[in-house]
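Novice: To be precise about what I am sending: the file is called run16.txt and holds compact mmCIF, C-alpha atoms.
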```
# COMPACT_ATOMS: atom_id res chain seq x y z
CA MET A 436 91.99 52.42 37.38
CA VAL A 437 90.18 49.39 38.70
CA ASN A 438 91.43 48.13 42.01
CA LEU A 439 91.00 44.36 41.96
CA PHE A 440 90.98 44.21 45.71
CA GLN A 441 88.17 46.67 46.06
CA PRO A 442 84.84 44.96 46.72
CA VAL A 443 82.22 45.64 44.06
CA GLU A 444 79.80 47.10 46.59
CA ASP A 445 82.37 49.83 47.37
CA GLN A 446 82.36 50.97 43.77
CA GLN A 447 78.60 51.07 43.82
CA ALA A 448 78.81 53.01 47.07
CA THR A 449 81.05 55.58 45.34
CA ALA A 450 78.47 56.01 42.59
CA SER A 451 75.82 56.76 45.19
CA ILE A 452 78.18 59.26 46.87
CA TRP A 453 78.60 61.05 43.54
CA ALA A 454 74.82 61.11 43.20
CA LEU A 455 74.56 62.77 46.63
CA LEU A 456 77.25 65.32 45.82
CA THR A 457 75.47 66.21 42.57
CA GLU A 458 72.58 67.42 44.74
CA ILE A 459 74.73 69.91 46.66
CA PRO A 460 74.34 73.44 45.28
CA ASP A 461 77.19 75.90 44.96
CA PRO A 462 76.58 78.57 47.65
CA GLU A 463 77.26 81.47 45.27
CA MET A 464 75.35 80.01 42.33
CA PRO A 465 72.69 77.71 43.83
CA TYR A 466 71.39 76.80 40.36
CA ILE A 467 74.44 74.63 39.69
CA SER A 468 75.91 71.87 41.82
CA ILE A 469 79.46 71.53 43.11
CA VAL A 470 79.88 68.55 40.75
CA ASP A 471 78.75 70.65 37.76
CA LEU A 472 81.30 73.25 38.82
CA GLY A 473 84.03 70.63 38.54
CA ILE A 474 85.55 71.10 41.98
CA VAL A 475 84.94 67.53 43.17
CA ARG A 476 87.92 65.70 41.67
CA GLU A 477 87.79 62.29 43.26
CA VAL A 478 85.75 60.17 45.66
CA ARG A 479 87.22 57.01 47.12
CA TRP A 480 87.01 54.74 50.13
CA GLN A 481 90.19 54.32 52.13
CA LEU A 482 89.67 51.52 54.59
CA GLU A 483 86.60 52.68 56.53
CA ALA A 484 86.87 56.38 55.68
CA LEU A 485 85.50 58.19 52.66
CA ASN A 486 87.96 60.52 50.99
CA VAL A 487 86.56 63.41 48.93
CA VAL A 488 89.09 65.44 46.95
CA LEU A 489 88.24 69.10 46.24
CA THR A 490 90.10 71.58 44.07
CA PRO A 491 89.31 75.17 45.08
CA THR A 492 88.18 77.64 42.42
CA TYR A 493 89.87 80.85 43.60
CA SER A 494 92.41 80.99 46.45
CA GLY A 495 90.24 83.36 48.41
CA CYS A 496 86.85 81.95 47.52
CA PRO A 497 84.64 82.79 50.52
CA ALA A 498 82.30 79.87 49.69
CA ARG A 499 84.90 77.23 50.41
CA ARG A 500 84.08 76.59 54.06
CA GLU A 501 80.37 76.58 53.25
CA ILE A 502 80.93 73.93 50.57
CA GLU A 503 82.84 71.70 52.97
CA ARG A 504 80.08 72.06 55.53
CA SER A 505 77.40 71.12 52.98
CA ILE A 506 79.36 68.02 52.01
CA ARG A 507 79.75 66.98 55.66
CA ASP A 508 76.05 67.53 56.30
CA ALA A 509 74.84 65.67 53.22
CA LEU A 510 77.13 62.70 53.59
CA GLY A 511 76.65 62.56 57.36
CA GLN A 512 72.90 62.33 56.88
CA ALA A 513 73.43 59.56 54.34
CA GLY A 514 75.28 57.57 56.98
CA VAL A 515 78.93 58.21 56.10
CA GLU A 516 80.64 58.05 59.47
CA ALA A 517 84.24 58.88 58.66
CA LEU A 518 84.83 61.56 56.06
CA TYR A 519 88.10 63.12 55.03
CA ILE A 520 87.99 66.15 52.74
CA GLU A 521 91.28 66.66 50.94
CA THR A 522 92.28 69.87 49.14
CA ARG A 523 94.21 69.36 45.94
CA LEU A 524 95.80 72.44 44.38
CA HIS A 525 97.39 70.87 41.35
CA PRO A 526 96.31 70.84 38.60
CA ALA A 527 94.69 74.21 39.23
CA TRP A 528 90.94 74.51 38.74
CA THR A 529 89.84 75.86 35.39
CA THR A 530 86.44 76.84 34.01
CA GLU A 531 87.00 74.10 31.40
CA TRP A 532 85.95 71.68 34.14
CA ILE A 533 82.42 73.08 34.34
CA SER A 534 80.10 70.44 32.89
CA ALA A 535 77.88 70.91 29.82
CA GLN A 536 74.89 70.52 32.11
CA GLY A 537 76.28 73.16 34.44
CA ARG A 538 76.73 75.59 31.54
CA GLU A 539 73.15 75.01 30.45
CA LYS A 540 71.89 75.68 33.97
CA MET A 541 73.93 78.90 34.14
CA ARG A 542 72.43 80.12 30.90
CA GLY A 543 68.97 79.29 32.24
CA ALA A 544 69.72 81.47 35.26
CA GLY A 545 70.73 84.40 33.06
CA VAL A 546 74.47 83.97 33.47
CA ALA A 547 76.63 83.60 30.35
CA PRO A 548 78.84 80.53 30.79
CA PRO A 549 82.62 80.92 30.41
CA LEU A 550 84.19 80.96 26.96
CA ALA A 551 87.20 78.74 26.29
CA ALA A 552 90.05 79.49 28.71
CA THR A 553 93.17 80.76 26.97
CA GLN A 554 96.76 80.51 28.09
CA GLU A 555 97.22 84.27 27.83
CA TRP A 556 97.65 84.57 31.56
CA GLN A 557 101.08 82.99 31.25
CA THR A 558 102.63 86.04 29.61
CA LEU A 559 102.53 89.69 30.52
CA THR A 560 100.07 91.07 27.99
CA PHE A 561 98.78 94.59 28.11
CA TRP A 562 95.32 95.30 26.71
CA PRO A 563 95.05 99.07 26.68
CA ASN A 564 91.62 98.79 25.13
CA PRO A 565 88.92 97.23 27.34
CA ARG A 566 86.86 96.72 24.17
CA ALA A 567 89.24 93.89 23.37
CA ALA A 568 87.54 91.97 26.21
CA ALA A 569 85.72 88.72 25.48
CA GLN A 570 82.24 88.96 23.92
CA PRO A 571 80.16 86.15 25.34
CA PRO A 572 76.76 85.52 23.74
CA CYS A 573 73.92 87.10 25.68
CA PRO A 574 72.15 84.44 27.81
CA HIS A 575 68.80 86.12 27.13
CA CYS A 576 68.78 86.57 23.33
CA GLY A 577 71.90 84.73 22.16
CA HIS A 578 73.44 87.66 20.27
CA THR A 579 77.14 88.41 20.61
CA ASN A 580 76.64 92.15 20.38
CA THR A 581 77.72 92.47 24.01
CA ARG A 582 80.16 94.62 25.91
CA MET A 583 81.76 94.52 29.32
CA GLN A 584 80.52 97.08 31.82
CA ASN A 585 82.73 96.00 34.66
CA GLU A 586 85.12 93.17 35.26
CA SER A 587 83.66 92.51 38.71
CA SER A 588 80.04 91.73 39.28
CA GLY A 589 78.12 90.21 42.18
CA SER A 590 80.95 87.80 42.89
CA ARG A 591 84.63 87.34 42.21
CA CYS A 592 84.14 84.94 39.32
CA LYS A 593 81.67 86.99 37.26
CA ALA A 594 81.84 90.16 35.16
CA LEU A 595 79.00 92.56 34.41
CA TYR A 596 77.97 92.79 30.75
CA HIS A 597 75.40 94.59 28.67
CA CYS A 598 73.74 93.22 25.56
CA ASP A 599 73.29 95.85 22.85
CA SER A 600 70.77 93.67 20.99
CA CYS A 601 68.15 93.01 23.66
CA ARG A 602 69.42 95.81 25.95
CA ASN A 603 69.58 93.66 29.02
CA PRO A 604 72.37 93.52 31.55
CA PHE A 605 73.74 90.09 32.36
CA GLU A 606 76.54 88.41 34.25
CA TYR A 607 79.33 86.54 32.53
CA PHE A 608 81.19 83.78 34.34
CA LYS A 609 84.78 84.69 33.45
CA SER A 610 86.92 82.02 31.84
CA PHE A 611 89.74 81.10 34.17
CA MET B 1229 107.54 67.39 48.68
CA ASN B 1230 111.07 68.41 49.59
CA ALA B 1231 112.67 67.50 52.85
CA PRO B 1232 112.94 70.65 54.97
CA GLU B 1233 116.40 69.65 56.29
CA ARG B 1234 117.86 70.25 52.87
CA THR B 1235 117.32 73.98 53.02
CA GLY B 1236 117.40 74.70 56.76
CA THR B 1237 115.66 77.95 57.67
CA SER B 1238 116.03 79.44 54.20
CA LEU B 1239 112.95 77.73 52.77
CA PRO B 1240 110.54 78.88 55.52
CA ASN B 1241 112.07 82.37 55.33
CA TYR B 1242 111.62 82.46 51.58
CA LEU B 1243 108.01 81.33 51.97
CA LEU B 1244 107.41 84.00 54.62
CA ARG B 1245 108.51 86.66 52.13
CA LEU B 1246 105.93 85.40 49.66
CA GLY B 1247 103.18 84.98 52.22
CA ASP B 1248 103.80 88.23 54.11
CA SER B 1249 103.89 90.41 50.99
CA ALA B 1250 100.55 88.96 49.84
CA LEU B 1251 99.08 89.24 53.35
CA ILE B 1252 100.03 92.88 53.96
CA ILE B 1253 98.86 94.14 50.58
CA ALA B 1254 95.60 92.20 51.04
CA GLN B 1255 95.09 93.85 54.44
CA GLN B 1256 95.78 97.28 52.90
CA LEU B 1257 93.26 96.73 50.10
CA CYS B 1258 90.61 95.76 52.66
CA GLY B 1259 90.82 99.38 53.81
CA TRP B 1260 89.00 100.37 50.60
CA CYS B 1261 86.02 98.15 51.34
CA GLY B 1262 83.06 100.53 51.52
CA HIS B 1263 85.19 103.50 50.41
CA ALA B 1264 86.07 102.86 46.76
CA PRO B 1265 84.85 105.45 44.21
CA THR B 1266 82.22 103.13 42.68
CA ILE B 1267 80.48 100.03 43.94
CA GLU B 1268 82.03 97.94 41.16
CA GLU B 1269 85.50 99.10 42.20
CA ASP B 1270 84.65 98.31 45.78
CA VAL B 1271 83.81 94.75 44.76
CA ALA B 1272 86.91 94.51 42.56
CA LEU B 1273 89.36 95.68 45.23
CA SER B 1274 87.76 93.52 47.91
CA ASN B 1275 87.97 90.49 45.65
CA ILE B 1276 91.58 91.15 44.74
CA ALA B 1277 92.25 91.39 48.48
CA LEU B 1278 90.47 88.06 48.99
CA ASP B 1279 92.57 86.35 46.33
CA LEU B 1280 95.78 87.67 47.85
CA LEU B 1281 94.66 86.68 51.34
CA GLY B 1282 93.90 83.17 50.09
CA GLN B 1283 97.30 82.95 48.44
CA SER B 1284 98.95 84.21 51.60
CA ARG B 1285 97.26 81.49 53.64
CA LEU B 1286 98.68 78.84 51.33
CA TRP B 1287 102.21 80.27 51.56
CA LEU B 1288 102.07 80.73 55.33
CA GLU B 1289 100.62 77.28 55.90
CA TYR B 1290 103.51 75.79 53.96
CA ALA B 1291 106.07 78.06 55.67
CA GLY B 1292 104.78 77.05 59.10
CA ALA B 1293 104.89 73.35 58.23
CA ASN B 1294 108.59 73.77 57.45
CA MET B 1295 109.39 75.43 60.77
CA ALA B 1296 110.57 73.79 63.96
CA PRO B 1297 108.38 73.75 65.95
CA ALA B 1298 105.67 73.84 63.29
CA GLN B 1299 103.38 76.89 63.27
CA ASP B 1300 99.99 77.36 61.70
CA GLU B 1301 98.87 80.20 59.44
CA ASP B 1302 97.16 82.03 62.31
CA ASP B 1303 100.27 81.90 64.52
CA LEU B 1304 102.22 83.47 61.69
CA ALA B 1305 99.67 86.09 60.70
CA TYR B 1306 98.51 87.17 64.15
CA ARG B 1307 101.26 86.42 66.60
CA ARG B 1308 104.39 87.89 65.06
CA ASP B 1309 105.72 91.42 65.59
CA ALA B 1310 106.71 93.83 62.84
CA HIS B 1311 110.39 92.85 62.85
CA GLN B 1312 109.42 89.23 62.21
CA PHE B 1313 107.53 90.07 59.02
CA ARG B 1314 109.39 89.52 55.76
CA ASN B 1315 107.19 91.46 53.32
CA VAL B 1316 108.72 93.87 50.80
CA LEU B 1317 108.48 97.53 51.86
CA LEU B 1318 106.31 98.47 48.86
CA VAL B 1319 103.24 96.73 50.30
CA GLU B 1320 103.36 98.59 53.63
CA GLN B 1321 103.18 101.99 51.94
CA PRO B 1322 99.91 103.69 52.89
CA ASN B 1323 96.74 103.51 50.79
CA GLY B 1324 96.87 107.31 50.40
CA ASN B 1325 94.53 108.49 47.67
CA PHE B 1326 93.05 106.22 45.00
CA ALA B 1327 96.00 106.84 42.64
CA ASP B 1328 98.50 105.94 45.39
CA THR B 1329 96.72 102.62 45.89
CA GLN B 1330 96.46 101.81 42.18
CA VAL B 1331 100.09 102.68 41.45
CA ARG B 1332 101.27 100.57 44.38
CA GLN B 1333 99.05 97.75 43.14
CA PHE B 1334 100.25 98.09 39.54
CA LEU B 1335 103.94 97.90 40.53
CA PHE B 1336 103.15 94.95 42.80
CA ASP B 1337 100.97 93.04 40.31
CA SER B 1338 103.44 93.32 37.42
CA TRP B 1339 106.25 92.04 39.66
CA HIS B 1340 103.99 89.40 41.23
CA CYS B 1341 102.97 87.96 37.85
CA LEU B 1342 106.59 87.46 36.79
CA LEU B 1343 107.54 86.05 40.18
CA LEU B 1344 104.67 83.54 40.16
CA THR B 1345 105.30 82.48 36.55
CA GLU B 1346 108.85 81.63 37.53
CA LEU B 1347 107.79 79.86 40.73
CA SER B 1348 105.24 77.78 38.82
CA ARG B 1349 108.32 75.97 37.43
CA SER B 1350 109.84 75.40 40.88
CA THR B 1351 111.22 71.93 41.65
CA ASP B 1352 109.33 72.15 44.94
CA THR B 1353 105.96 70.72 43.91
CA GLN B 1354 103.97 72.55 46.57
CA ILE B 1355 105.47 75.92 45.60
CA ALA B 1356 104.80 75.16 41.93
CA ALA B 1357 101.17 74.24 42.69
CA ILE B 1358 100.48 77.38 44.77
CA ALA B 1359 102.24 79.62 42.25
CA THR B 1360 100.37 78.22 39.24
CA LYS B 1361 97.05 78.81 40.93
CA ALA B 1362 98.03 82.27 42.18
CA ARG B 1363 99.41 83.27 38.77
CA LYS B 1364 96.04 82.88 37.07
CA GLU B 1365 94.51 85.19 39.64
CA ALA B 1366 97.38 87.68 39.44
CA ALA B 1367 96.79 88.05 35.69
CA TYR B 1368 93.32 89.48 36.43
CA HIS B 1369 94.77 91.76 39.10
CA LEU B 1370 97.37 93.12 36.70
CA GLN B 1371 94.82 93.69 33.98
CA HIS B 1372 92.72 95.64 36.46
CA SER B 1373 95.49 97.84 37.87
CA SER B 1374 97.03 98.44 34.41
CA GLN B 1375 93.72 99.76 33.14
CA TRP B 1376 93.46 102.10 36.11
CA ILE B 1377 96.97 103.42 35.49
CA VAL B 1378 95.97 104.38 31.95
CA ARG B 1379 92.68 105.83 33.10
CA LEU B 1380 94.28 107.93 35.83
CA GLY B 1381 97.41 108.94 33.93
CA ASP B 1382 95.56 109.73 30.73
CA GLY B 1383 92.56 111.20 32.56
CA SER B 1384 92.08 114.69 33.98
CA ALA B 1385 94.97 117.02 34.82
CA ARG B 1386 94.35 116.26 38.47
CA SER B 1387 94.27 112.47 38.15
CA HIS B 1388 97.43 112.65 36.03
CA ARG B 1389 99.20 114.73 38.68
CA TYR B 1390 98.18 112.34 41.45
CA ALA B 1391 99.26 109.27 39.48
CA GLN B 1392 102.64 110.76 38.60
CA ARG B 1393 103.22 111.76 42.21
CA ALA B 1394 102.25 108.26 43.41
CA LEU B 1395 104.70 106.78 40.93
CA GLU B 1396 107.49 108.94 42.31
CA LEU B 1397 106.66 107.85 45.86
CA CYS B 1398 106.44 104.14 45.06
CA ALA B 1399 109.44 103.89 42.71
CA ASP B 1400 111.80 104.05 45.70
CA TYR B 1401 110.54 100.63 46.78
CA VAL B 1402 110.89 98.84 43.45
CA GLY B 1403 114.62 98.07 43.80
CA GLU B 1404 113.90 95.70 46.68
CA LEU B 1405 111.52 93.68 44.52
CA PHE B 1406 114.36 92.64 42.23
CA GLU B 1407 117.36 92.50 44.55
CA MET B 1408 118.71 89.03 45.21
CA ASP B 1409 120.12 88.40 48.67
CA ALA B 1410 121.72 85.23 50.11
CA ILE B 1411 118.37 83.50 50.75
CA ASP B 1412 117.07 84.32 47.26
CA LEU B 1413 120.26 83.01 45.64
CA GLU B 1414 120.22 79.85 47.73
CA MET B 1415 116.64 79.18 46.63
CA VAL B 1416 117.50 79.81 42.97
CA ASN B 1417 120.49 77.49 43.16
CA ALA B 1418 118.33 74.78 44.72
CA GLY B 1419 115.89 75.09 41.80
CA ILE B 1420 113.20 76.29 44.19
CA GLY B 1421 113.15 80.09 43.94
CA ALA B 1422 112.91 82.72 41.22
CA ASP B 1423 115.80 84.76 39.83
CA MET B 1424 114.11 88.16 39.96
CA ALA B 1425 117.17 90.14 38.87
CA ALA B 1426 117.05 88.27 35.56
CA LEU B 1427 113.37 89.17 35.15
CA GLN B 1428 113.72 92.90 35.73
CA PRO B 1429 114.18 93.85 32.04
CA GLN B 1430 110.95 92.03 31.20
CA TRP B 1431 109.17 93.86 34.03
CA GLN B 1432 110.59 97.20 32.89
CA ALA B 1433 109.38 96.60 29.33
CA TYR B 1434 105.82 95.90 30.46
CA VAL B 1435 105.68 98.84 32.86
CA GLU B 1436 107.10 101.25 30.26
CA GLN B 1437 104.44 100.10 27.79
CA VAL B 1438 101.60 100.83 30.20
CA LEU B 1439 103.12 104.10 31.39
CA ALA B 1440 103.50 105.27 27.79
CA ALA B 1441 99.78 104.66 27.20
CA ALA B 1442 99.09 106.56 30.43
CA ASN B 1443 101.36 109.55 29.61
CA LEU B 1444 103.25 108.88 32.80
CA VAL B 1445 107.01 108.90 33.22
CA TYR B 1446 108.94 106.43 35.33
CA PRO B 1447 111.10 108.41 37.80
CA ALA B 1448 114.71 108.77 36.67
CA ASN B 1449 116.70 108.20 39.86
CA PRO B 1450 114.64 106.47 42.52
CA ILE B 1451 116.26 105.87 45.90
CA ASN B 1452 116.61 102.18 46.56
CA ARG B 1453 114.90 101.54 49.88
CA ARG B 1454 115.28 98.01 51.15
CA GLY B 1455 115.24 95.88 54.29
CA GLY B 1456 111.68 94.55 54.41
CA LYS B 1457 112.77 91.06 53.41
CA LEU B 1458 115.10 91.05 56.43
CA GLY B 1459 112.49 92.35 58.86
CA GLN B 1460 113.58 96.00 58.81
CA HIS B 1461 110.29 97.85 58.48
CA SER B 1462 108.92 101.34 58.89
CA GLU B 1463 106.33 102.34 61.47
CA LEU B 1464 103.77 102.02 58.70
CA LEU B 1465 103.81 98.26 59.12
CA VAL B 1466 103.25 98.58 62.86
CA GLU B 1467 100.08 100.52 62.12
CA VAL B 1468 98.85 97.87 59.67
CA LEU B 1469 99.58 95.09 62.15
CA MET B 1470 97.84 96.90 65.03
CA GLN B 1471 94.62 96.80 63.03
CA MET B 1472 95.11 93.34 61.60
CA GLN B 1473 96.17 91.63 64.83
CA HIS B 1474 94.12 93.54 67.38
CA LEU B 1475 91.24 91.10 67.69
CA ALA B 1476 93.35 87.94 67.70
CA ARG B 1477 95.75 89.35 70.31
CA SER B 1478 93.23 91.02 72.60
CA TYR B 1479 90.84 88.06 72.60
CA PRO B 1480 93.01 84.96 72.16
CA GLY B 1481 91.05 82.04 70.73
CA ALA B 1482 88.08 84.24 69.78
CA GLN B 1483 85.56 82.48 67.53
CA TRP B 1484 82.68 83.83 65.52
```
Please lay out the structure from this file as structure tokens.
Specialist:
Amino acid sequence: MVNLFQPVEDQQATASIWALLTEIPDPEMPYISIVDLGIVREVRWQLEALNVVLTPTYSGCPARREIERSIRDALGQAGVEALYIETRLHPAWTTEWISAQGREKMRGAGVAPPLAATQEWQTLTFWPNPRAAAQPPCPHCGHTNTRMQNESSGSRCKALYHCDSCRNPFEYFKSF
Amino acid sequence: MNAPERTGTSLPNYLLRLGDSALIIAQQLCGWCGHAPTIEEDVALSNIALDLLGQSRLWLEYAGANMAPAQDEDDLAYRRDAHQFRNVLLVEQPNGNFADTQVRQFLFDSWHCLLLTELSRSTDTQIAAIATKARKEAAYHLQHSSQWIVRLGDGSARSHRYAQRALELCADYVGELFEMDAIDLEMVNAGIGADMAALQPQWQAYVEQVLAAANLVYPANPINRRGGKLGQHSELLVEVLMQMQHLARSYPGAQW
């Protein structure tokens, strides 16, 4: 929505803030930025203060404080004097918010990007067979002849997979 | 957000039940860090603990904001005694062996998922927001513990025996998960809380399905142990709190 009372230079200033935020890497996956990850929901000036709205990925994500610190550092260096970082829980973060560019960068780093998020989590569904797990295409060779080795990998958000075509292990960023 | 006056002390008490149950089971799971049977399981249990700790922080922060005088999450987590905790008794049961932990987690996760689904429709927007977020995480937790139940129950004779024994120990604490006391009913009537008694058949159906795949049998006549939601705890909780609160109490204001 365009605020008619907002000076044009403020809107331009927001664009430059977004550009700065796009340079901030995610601490767990430094090859993608926090904007690619989709956790920066809104940037706006309120009087003299800059308000940045973040939606956390997982409730217990250990990278959260680190992300806030990086934002404070980057914007502080760029001359933003008053910064207010707001946490917005609703709507909840989903892997659908990861940008196309972010997915490409993940693949480049050997991590399979998340498949489409389903609504299955809303019902109690029992999968007795782990083979029914998602089969993301291998980030190395592109084949879907893959199987899950473990649902937890190096970090909370990734699972460990094995590709039966090129016989490489890889990480899959779980859809959420 | 709802005005706290409308619900008096019931809302913060209800929130404490949610926050304390998540906090205590998170603290228990942390005990496996560095001790789980495989490194992947170590990572999985630690991450489940992290999720639950994060959820607990959100509940406690909101509970404290509705108290007079207001309290922050650290006041509530570190500066209350056992009788002031409102967690269900199931979560203070000891880690025991790996089957004990997984059975406790499975009974908790299946209940937690239903509870959070219901709370995601709460008329209190903050509760609905926290629950929706937590529910997505709880689905992964339940998937994980359900698979372990099948693996242990349908595994070796020994793992089966341990899982069945754990089930018999934990079943005594399931009744409390679904009982509805005055605070629960007040929250349901206000459109804020979840009617757990109504959800029990759904829970039973899911649990029976997993237990059938695991060749395990749900105990016939469990004793109904209760009181955790009112602050009546066993010494087990005191032990958990001694570890959890030691640093914050012995070195007030410690930073690192």
Novice: Identify which of the residues B:Leu1244, B:Ala1310, B:Ile1276, B:Val1271 lies closest to A:Ser587, counting only C-alpha atoms when measuring atom-to-atom distances.
Specialist: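 Counting only C-alpha atoms, the residue closest to A:Ser587 is B:Val1271.
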Novice: Using only C-alpha atoms, find the one residue out of A:Ser468, A:Thr522, A:Gln512, A:Ser610 that sits nearest to A:Pro571.
Specialist: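 With only C-alpha atoms as the atom set, the closest residue is A:Ser610.
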Novice: Neighbours of stretch 1465-1468 of chain B within 12 Å (all atoms listed in the file; same-chain residues fewer than 3 positions away dropped), as an MDAnalysis selection string?
Specialist: chainID B and resid 1248:1249 1251:1259 1305:1306 1308:1323 1456 1459:1462 1471:1474
Novice: Find the residue from A:Leu559, A:Ile452, A:Arg542, A:Ile469 that sits nearest to A:Leu518; use only C-alpha atoms when measuring.
Specialist: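 Result for the nearest residue to A:Leu518: A:Ile452.
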Novice: Write out as a compact mmCIF listing (two decimals) with C-alpha atoms, in the coordinates of the input the residues lying within 6 Å of stretch 1287-1298 of chain B, counting only C-alpha atoms and excluding same-chain residues fewer than 2 positions away.
Specialist:
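Written output follows (around_17.txt):
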```txt
# COMPACT_ATOMS: atom_id res chain seq x y z
CA PRO B 1232 112.94 70.65 54.97
CA PRO B 1240 110.54 78.88 55.52
CA LEU B 1243 108.01 81.33 51.97
CA GLY B 1247 103.18 84.98 52.22
CA SER B 1284 98.95 84.21 51.60
CA ARG B 1285 97.26 81.49 53.64
CA ASP B 1300 99.99 77.36 61.70
CA GLU B 1301 98.87 80.20 59.44
```
Novice: Tell me which of B:Ala1394, B:Ser1350, B:Asp1303, B:Ala1272 sits closest to B:Gln1330, counting all atoms listed in the file.
Specialist: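 Under the stated criterion, the closest residue is B:Ala1394.
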Novice: With 6 Å as the limit and counting all atoms listed in the file, what residues in chain A lie close to chain B? Please list them as a list in words.
Specialist: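 Going by the stated atoms only, the list reads Ser494, Gly495, Leu524, His525, Ala527, Trp556, Ser587 and Arg591 of chain A.
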Novice: Between atom CA of A:Val546 and atom CA of A:Phe608, what is the spacing in Å?
Specialist: 6.8 Å
Novice: Please, what distance in Å, to one decimal, runs between atom CA of B:Phe1336 and atom CA of B:Arg1349?
Specialist: 20.4 Å
Novice: Calculated over only C-alpha atoms, which of the candidates A:Ile533, A:Val470, A:Leu456, A:Cys592 has the smallest distance to A:Gly511?
Specialist: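 Closest candidate: A:Leu456.
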Novice: Write out as a list of chain:residue names each polymer residue whose atoms come within 9 Å of B:Val1445, counting only C-alpha atoms; drop sequence neighbours fewer than 2 positions from it.
Specialist: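 Contacts, with the query itself left out: B:Gln1392, B:Leu1395, B:Glu1436, B:Leu1439, B:Ala1440, B:Ala1442, B:Asn1443, B:Pro1447, B:Ala1448.
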Novice: Figure out the distance between atom CA of A:Tyr596 and atom CA of A:Asp471, please, to one decimal in Å.
Specialist: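 Rounded to one decimal, the two atoms are 23.2 Å apart.
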Novice: Find the residue from B:Tyr1390, B:Leu1469, B:Asp1382, B:Ile1355 that sits nearest to B:Phe1326; use all atoms listed in the file when measuring.
Specialist: B:Tyr1390
Novice: Applying 7 Å and only C-alpha atoms, which residues near stretch 487-489 of chain A remain after dropping the ones on its own chain fewer than 2 positions away? List them as a PyMOL selection string.
Specialist: chain A and resi 474-479+485+491+519-523
